[in-house]
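Below is one structure, written out as structure tokens, with a few remarks after it.
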Amino acid sequence: VDTLILDSTLLFPKKIKYNVAIFLPLYLQKGSSKTKREKIETYSSIDYLMGAKLALKALSKNRGIAFDVYAYDYKSDSASINDILNRQEFDSIDLVFSPFDAGEALLVANWCLLNNIQMVTPIPKATRWVSNNPMVYHSIPSHEAMLKSFANRMLSEKYLNRQVVLINSGNPNDDDLFDAFRGVFYSDSNKMNKKLITSSMNDFTDYLSKDSTSILVLASNNDVVITEFLSKINLDSKVTIFGNKQWFKNQKYGQKLMESPKFMYADFNNFYINNPSIKSVHKKYRTAWQAHINKMVVHGYDVVHFFSSYLLLKDPYKKGLMMKFDIQPNPINGGFENVSCYITSNQIKEDLKKKREEEEKLKVEESLKNKRD
């Protein structure tokens with residue numbers, strides 16, 4: 001247990017110390033006999049924990065609040081989830097960051113519901129089976145939330161004259177995704193009454209002329225459906241396609257999508273190592289752990305810093321180091337979720353990279369000039 005206490009004005013005198021539980025797949029008892037996948041999970045978990053501890057240390061310093069951090073290796077043979085939850089310290093736990101795996105996350109979520117303790121799911125796969133639980137907060141936007149975000153982007157003035165075609169996959173499992181996007185166009189958000197074309201997998205190409213600049217939205221995450229959809233499109237055309245980052249894993253078309261400037265997707269983070277805020281935390285991280293920061297470290301920092309601030313200190317904010325936050329009730333799965341994400345493309349990222357490199361170059365040149373003067 002690490003206790004982080006620094007002297008400053010107590011902003012919340014009714015409670016000056018919080019107990020935070022963090023579940024991790026560390027596989028500590030396996031030692032060197034871990035499989036390749038287990039080693040990757042172990043390293044990612046350690047990075048996540050280091051970022052989390054740095055976040056709580058920052059909150060402790062800035063707010064004069066103490067945090068006792070309880071980290072549990074739920075992949076150890078001798079420590080089942082129920083054994084961990086029955087430990088004495090759980091009588092005073094204030095906030096739980098769930099296991100990474102869906103089954104274990106569900107067990108902890110059920111315990112949190114019974115004991116009126118708030119729980120945060122830190123990564124997408126942890127959310128899979130957790131639903132209808134008002135104690136649960138999902139840190140990663142659902143696919144429905146990402147589609148809504150893109151739909152709102154399409155209603156902006158920039159895309160006002162672009163034709164948007166929403167494609168129904170025909171798979172009943174995708175109905176919620178289809179309805180999520182379409183619902184934005186039929187809401188008060190559509191102040192300009194922009195038209196939405198809805199089509200099927202069989203007919204959507206009828207709306208594409210030779211030089212079409214249409215924006216195609218396939219409301220599906222089914223790899224078979226995605227492959228069929230992409231087989232009907234010329235990826236070198238002017239048509240813009242919207243999907244999500246998981247499409248890059250498509251065996252047949254993933255590489256082409258990565259190279260295409262016309263593929264837009266939603267992403268829950270925007271990691272850039274030279275971001276001034278990340279650079280500032282990077283210095284503290286190097287001092288604390290003698291290691292370089294990476295995306296999982298920043299993810300742990302962002303998730304734990306925001307939700308500890310939001311749920312324990314009642315102090316929400318909108319933007320972390322690489323994530324954005326907007327917590328809303330989830331009407332489909334119950335509980336609450338972060339609905340904020342980035343809409344991007346590899347072309348946008350490349351343009352931003354060039355812009356940042358130019359800015360860095362100008363800063364260096366300005367610094368050298370000032371030294372000479």
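Convention: chains lettered A, B, ... in structure tokens order; per-chain residue numbering from 1; ligands numbered from 1 as shown.
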**OP:** Tell me which protein, DNA and RNA residues are within 10 Å of Asn274 (chain A), counting only C-alpha atoms, leaving out same-chain ones fewer than 3 positions away, and put them as a count of residues only.
**Re:** 9
Original post:
If you run DSSP on this backbone, which residues of region 209-310 of chain A come out as strand (DSSP E), and could you give them as a VMD selection string?
Top reply: chain A and resid 215 to 218 240 to 244 263 to 267
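Taking CA of Phe67 (chain A) as the reference point, CA of Asn19 (chain A) is found at 5.8 Å.
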**OP:** Excluding Met264 (chain A) and residues on its chain fewer than 5 positions from it, collect all residues at most 6 Å away from it, counting only C-alpha atoms, and give them as an MDAnalysis selection string.
**Re:** chainID A and resid 242 344:345
**OP:** Might you pull out every residue within 9 Å of region 47-62 of chain A, with only C-alpha atoms counted and same-chain residues fewer than 4 positions away left off, and present them as a PyMOL selection string?
**Re:** chain A and resi 2+4-8+22+24+42-43+66-67+69+71+281+284-285+288-289+293-306+308-309
Original post:
Quick one: DSSP alpha helix (DSSP H) residues in region 247-294 of chain A, as a PyMOL selection string?
Top reply: chain A and resi 254-259+276-289
Write the selection just made, keeping C-alpha atoms, as a JSON list (two decimals), in the first residue's frame?
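Result file is part05.json:
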[["chain", "number", "residue", "atom", "x", "y", "z"],
["A", 254, "GLY", "CA", -6.58, -3.06, -43.12],
["A", 255, "GLN", "CA", -3.30, -1.99, -44.70],
["A", 256, "LYS", "CA", -5.08, -0.14, -47.52],
["A", 257, "LEU", "CA", -7.18, 1.74, -44.99],
["A", 258, "MET", "CA", -4.05, 2.76, -43.09],
["A", 259, "GLU", "CA", -2.64, 4.21, -46.31],
["A", 276, "PRO", "CA", 3.66, 20.11, -23.70],
["A", 277, "SER", "CA", 1.39, 18.59, -21.03],
["A", 278, "ILE", "CA", 2.68, 15.09, -21.71],
["A", 279, "LYS", "CA", 6.28, 16.35, -21.74],
["A", 280, "SER", "CA", 5.75, 17.87, -18.30],
["A", 281, "VAL", "CA", 4.42, 14.57, -16.90],
["A", 282, "HIS", "CA", 7.17, 12.71, -18.77],
["A", 283, "LYS", "CA", 9.81, 14.56, -16.73],
["A", 284, "LYS", "CA", 8.10, 13.56, -13.48],
["A", 285, "TYR", "CA", 7.75, 9.99, -14.70],
["A", 286, "ARG", "CA", 11.47, 9.74, -15.55],
["A", 287, "THR", "CA", 12.33, 11.11, -12.12],
["A", 288, "ALA", "CA", 10.02, 8.65, -10.35],
["A", 289, "TRP", "CA", 10.64, 5.47, -12.36]]
